[in-house]
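Content type TSV, C-alpha atoms, from the file start-v8.tsv:
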chain	number	residue	atom	x	y	z
A	5	MET	CA	-19.83	331.69	157.64
A	6	HIS	CA	-19.97	330.62	154.01
A	7	GLU	CA	-16.96	330.17	151.80
A	8	LEU	CA	-17.05	332.11	148.52
A	9	ASP	CA	-15.80	330.95	145.14
A	10	THR	CA	-13.82	333.14	142.73
A	11	GLU	CA	-17.01	334.78	141.44
A	12	GLY	CA	-18.25	335.66	144.93
A	13	SER	CA	-20.95	332.97	145.01
A	14	LYS	CA	-21.48	330.80	148.05
A	15	ILE	CA	-20.00	327.33	147.74
A	16	LEU	CA	-22.47	324.55	148.39
A	17	ARG	CA	-20.75	321.55	149.86
A	18	THR	CA	-22.41	318.21	149.34
A	19	ARG	CA	-21.91	315.15	151.41
A	20	HIS	CA	-21.25	311.73	149.96
A	21	ALA	CA	-24.04	309.16	149.81
A	22	THR	CA	-24.21	306.81	152.76
A	23	PRO	CA	-25.70	303.32	153.15
A	24	THR	CA	-28.61	304.99	154.98
A	25	ASP	CA	-29.38	307.04	151.84
A	26	SER	CA	-29.52	303.87	149.77
A	27	HIS	CA	-31.69	302.23	152.44
A	28	HIS	CA	-34.20	305.09	152.26
A	29	LEU	CA	-34.27	304.86	148.47
A	30	ILE	CA	-34.98	301.11	148.70
A	31	LEU	CA	-37.81	301.68	151.20
A	32	PHE	CA	-39.30	304.42	149.01
A	33	GLY	CA	-39.00	302.08	146.02
A	34	ALA	CA	-40.82	299.31	147.89
A	35	LEU	CA	-43.64	301.73	148.76
A	36	SER	CA	-43.88	302.84	145.12
A	37	ILE	CA	-43.93	299.26	143.83
A	38	GLU	CA	-46.65	298.34	146.33
A	39	ALA	CA	-48.74	301.31	145.18
A	40	ILE	CA	-48.31	300.32	141.52
A	41	ILE	CA	-49.28	296.72	142.30
A	42	ALA	CA	-52.34	297.84	144.26
A	43	HIS	CA	-53.56	300.59	141.91
A	44	GLY	CA	-51.69	300.22	138.60
A	45	PHE	CA	-49.46	302.85	137.02
A	46	ILE	CA	-52.42	304.83	135.64
A	47	GLY	CA	-54.28	304.46	138.95
A	48	ILE	CA	-51.57	306.38	140.75
A	49	PHE	CA	-52.37	309.40	138.58
A	50	MET	CA	-56.13	308.99	138.98
A	51	SER	CA	-55.96	309.36	142.76
A	52	PRO	CA	-55.26	313.12	142.67
A	53	LEU	CA	-58.59	313.59	140.90
A	54	GLN	CA	-60.51	312.01	143.80
A	55	SER	CA	-60.59	315.08	146.06
A	56	LEU	CA	-59.47	318.68	146.23
A	57	ALA	CA	-56.91	317.80	148.95
A	58	SER	CA	-55.35	315.11	146.75
A	59	THR	CA	-55.25	317.52	143.82
A	60	GLN	CA	-53.47	320.12	145.97
A	61	ILE	CA	-50.82	317.57	147.05
A	62	PHE	CA	-50.32	316.46	143.44
A	63	CYS	CA	-49.91	320.08	142.26
A	64	ASP	CA	-47.43	320.70	145.09
A	65	LEU	CA	-45.44	317.66	143.93
A	66	LEU	CA	-45.43	318.94	140.33
A	67	ILE	CA	-44.19	322.36	141.43
A	68	SER	CA	-41.51	320.80	143.63
A	69	LEU	CA	-40.26	318.47	140.92
A	70	THR	CA	-40.19	321.34	138.43
A	71	LEU	CA	-37.97	323.34	140.80
A	72	VAL	CA	-35.74	320.30	141.33
A	73	LEU	CA	-35.45	319.80	137.56
A	74	ILE	CA	-34.36	323.42	137.15
A	75	TRP	CA	-31.75	322.97	139.89
A	76	MET	CA	-30.54	319.68	138.35
A	77	TRP	CA	-30.28	321.38	134.94
A	78	HIS	CA	-27.94	324.04	136.32
A	79	ASP	CA	-26.00	321.60	138.50
A	80	ALA	CA	-25.50	319.10	135.69
A	81	LYS	CA	-24.35	321.87	133.35
A	82	ALA	CA	-21.88	323.16	135.98
A	83	ASN	CA	-20.52	319.65	136.62
A	84	GLY	CA	-20.38	318.41	133.01
A	85	ARG	CA	-23.13	315.82	133.46
A	86	ASN	CA	-25.71	314.87	130.85
A	87	ILE	CA	-29.05	316.10	132.20
A	88	TRP	CA	-31.36	314.26	129.78
A	89	PRO	CA	-31.32	310.83	131.49
A	90	TRP	CA	-32.26	312.58	134.75
A	91	ILE	CA	-35.07	314.57	133.15
A	92	ILE	CA	-36.47	311.42	131.55
A	93	ALA	CA	-36.14	309.50	134.83
A	94	THR	CA	-37.92	312.28	136.74
A	95	LEU	CA	-40.77	312.43	134.23
A	96	ALA	CA	-41.09	308.63	134.19
A	97	VAL	CA	-40.64	307.71	137.84
A	98	GLY	CA	-40.96	310.98	139.76
A	99	SER	CA	-38.70	311.55	142.73
A	100	PHE	CA	-36.47	308.59	141.92
A	101	GLY	CA	-34.71	310.62	139.22
A	102	PRO	CA	-33.56	313.42	141.54
A	103	LEU	CA	-32.86	311.02	144.41
A	104	VAL	CA	-30.53	308.87	142.31
A	105	TYR	CA	-29.00	312.01	140.80
A	106	LEU	CA	-28.12	313.21	144.30
A	107	LEU	CA	-26.79	309.79	145.32
A	108	THR	CA	-24.50	309.71	142.28
A	109	ARG	CA	-23.48	313.37	142.42
A	110	LYS	CA	-19.81	313.97	143.09
A	111	SER	CA	-18.79	316.78	145.38
A	112	THR	CA	-17.25	319.62	143.37
A	113	LYS	CA	-15.19	320.95	146.27
A	114	PRO	CA	-13.44	319.05	149.06
A	115	ALA	CA	-15.33	319.34	152.35
What's the structure tokens form of this structure?
Amino acid sequence: MHELDTEGSKILRTRHATPTDSHHLILFGALSIEAIIAHGFIGIFMSPLQSLASTQIFCDLLISLTLVLIWMWHDAKANGRNIWPWIIATLAVGSFGPLVYLLTRKSTKPA
């Protein structure tokens, strides 16, 4: 059963970041750095043009990140956070922006 806030909306409870979350972010960062070293920053964006399958995955990533940006916009507004650093980070480094946003997000309600 979900708890409702004063406006009748479901309350989303978030958990606090754990060392495992940071570990996953570090591993993802290492993979990203290795890809940039091997292919260059521009090369990462050229890969989706190599095949239709790669293009589909790239488009899926763009759609997903757009949805995440919309969610972050509303969440940041509701929690009094400045969204612009997170938008810039997402546009510059992809998933790192939302991942760090989630790791630094404070729970709005006690669990």
Can you tell me, as an MDAnalysis selection string, what residues are no more than 10 Å from segment 53-69 of chain A when counting only C-alpha atoms, ignoring any on the same chain fewer than 3 positions away? chainID A and resid 49:50 72:75 94:95 98:99 101:102
Grab the atom CA of Ser36 of chain A to atom CA of Ile48 of chain A distance for me, in Å with one decimal place.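 Going from atom CA of Ser36 of chain A over to atom CA of Ile48 of chain A, I get 9.5 Å.
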Near His27 of chain A, within 12 Å and counting only C-alpha atoms, which residues show up once chain neighbours fewer than 6 positions away are dropped, as a list in words?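 Using only C-alpha atoms, the neighbours found are Ala21, Gly33, Ala34, Leu103 and Leu107 of chain A.
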Mind listing whatever residues come within 12 Å of the point (-32.7, 310.5, 133.7)? Use all atoms listed in the file, file coordinates, and give them as a PyMOL selection string. chain A and resi 73+76-77+80+85-106+108
Residue completion, segment 66-92 of chain A, N, CA and C atoms, as a compact mmCIF listing (two decimals), in the frame of the given file:
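Output contents, as saved in part_0.txt:
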# COMPACT_ATOMS: atom_id res chain seq x y z
N LEU A 66 -45.84 318.47 141.66
CA LEU A 66 -45.43 318.94 140.33
C LEU A 66 -44.58 320.20 140.41
N ILE A 67 -44.97 321.13 141.26
CA ILE A 67 -44.19 322.36 141.43
C ILE A 67 -42.82 322.03 142.00
N SER A 68 -42.78 321.18 143.01
CA SER A 68 -41.51 320.80 143.63
C SER A 68 -40.58 320.12 142.64
N LEU A 69 -41.10 319.17 141.89
CA LEU A 69 -40.26 318.47 140.92
C LEU A 69 -39.79 319.40 139.80
N THR A 70 -40.61 320.37 139.43
CA THR A 70 -40.19 321.34 138.43
C THR A 70 -39.01 322.16 138.95
N LEU A 71 -39.08 322.60 140.20
CA LEU A 71 -37.97 323.34 140.80
C LEU A 71 -36.71 322.49 140.90
N VAL A 72 -36.88 321.22 141.25
CA VAL A 72 -35.74 320.30 141.33
C VAL A 72 -35.13 320.09 139.95
N LEU A 73 -35.97 319.96 138.92
CA LEU A 73 -35.45 319.80 137.56
C LEU A 73 -34.64 321.02 137.13
N ILE A 74 -35.11 322.21 137.49
CA ILE A 74 -34.36 323.42 137.15
C ILE A 74 -33.01 323.42 137.86
N TRP A 75 -33.01 323.05 139.15
CA TRP A 75 -31.75 322.97 139.89
C TRP A 75 -30.82 321.93 139.26
N MET A 76 -31.38 320.74 138.94
CA MET A 76 -30.54 319.68 138.35
C MET A 76 -29.97 320.14 137.01
N TRP A 77 -30.74 320.87 136.23
CA TRP A 77 -30.28 321.38 134.94
C TRP A 77 -29.02 322.21 135.13
N HIS A 78 -29.09 323.17 136.06
CA HIS A 78 -27.94 324.04 136.32
C HIS A 78 -26.77 323.27 136.93
N ASP A 79 -27.06 322.37 137.85
CA ASP A 79 -26.00 321.60 138.50
C ASP A 79 -25.31 320.67 137.51
N ALA A 80 -26.09 320.00 136.68
CA ALA A 80 -25.50 319.10 135.69
C ALA A 80 -24.63 319.88 134.70
N LYS A 81 -25.11 321.02 134.27
CA LYS A 81 -24.35 321.87 133.35
C LYS A 81 -23.03 322.30 134.00
N ALA A 82 -23.08 322.70 135.27
CA ALA A 82 -21.88 323.16 135.98
C ALA A 82 -20.87 322.04 136.22
N ASN A 83 -21.38 320.79 136.31
CA ASN A 83 -20.52 319.65 136.62
C ASN A 83 -20.24 318.75 135.41
N GLY A 84 -20.66 319.18 134.23
CA GLY A 84 -20.38 318.41 133.01
C GLY A 84 -21.14 317.09 132.92
N ARG A 85 -22.31 317.04 133.52
CA ARG A 85 -23.13 315.82 133.46
C ARG A 85 -24.22 315.98 132.41
N ASN A 86 -24.61 314.87 131.81
CA ASN A 86 -25.71 314.87 130.85
C ASN A 86 -27.02 314.90 131.63
N ILE A 87 -27.82 315.92 131.44
CA ILE A 87 -29.05 316.10 132.20
C ILE A 87 -30.21 315.25 131.68
N TRP A 88 -30.19 314.90 130.39
CA TRP A 88 -31.36 314.26 129.78
C TRP A 88 -31.78 312.94 130.42
N PRO A 89 -30.86 312.05 130.81
CA PRO A 89 -31.32 310.83 131.49
C PRO A 89 -32.06 311.15 132.80
N TRP A 90 -31.64 312.22 133.48
CA TRP A 90 -32.26 312.58 134.75
C TRP A 90 -33.62 313.23 134.54
N ILE A 91 -33.76 314.00 133.47
CA ILE A 91 -35.07 314.57 133.15
C ILE A 91 -36.05 313.46 132.80
N ILE A 92 -35.61 312.54 131.95
CA ILE A 92 -36.47 311.42 131.55
C ILE A 92 -36.85 310.57 132.77
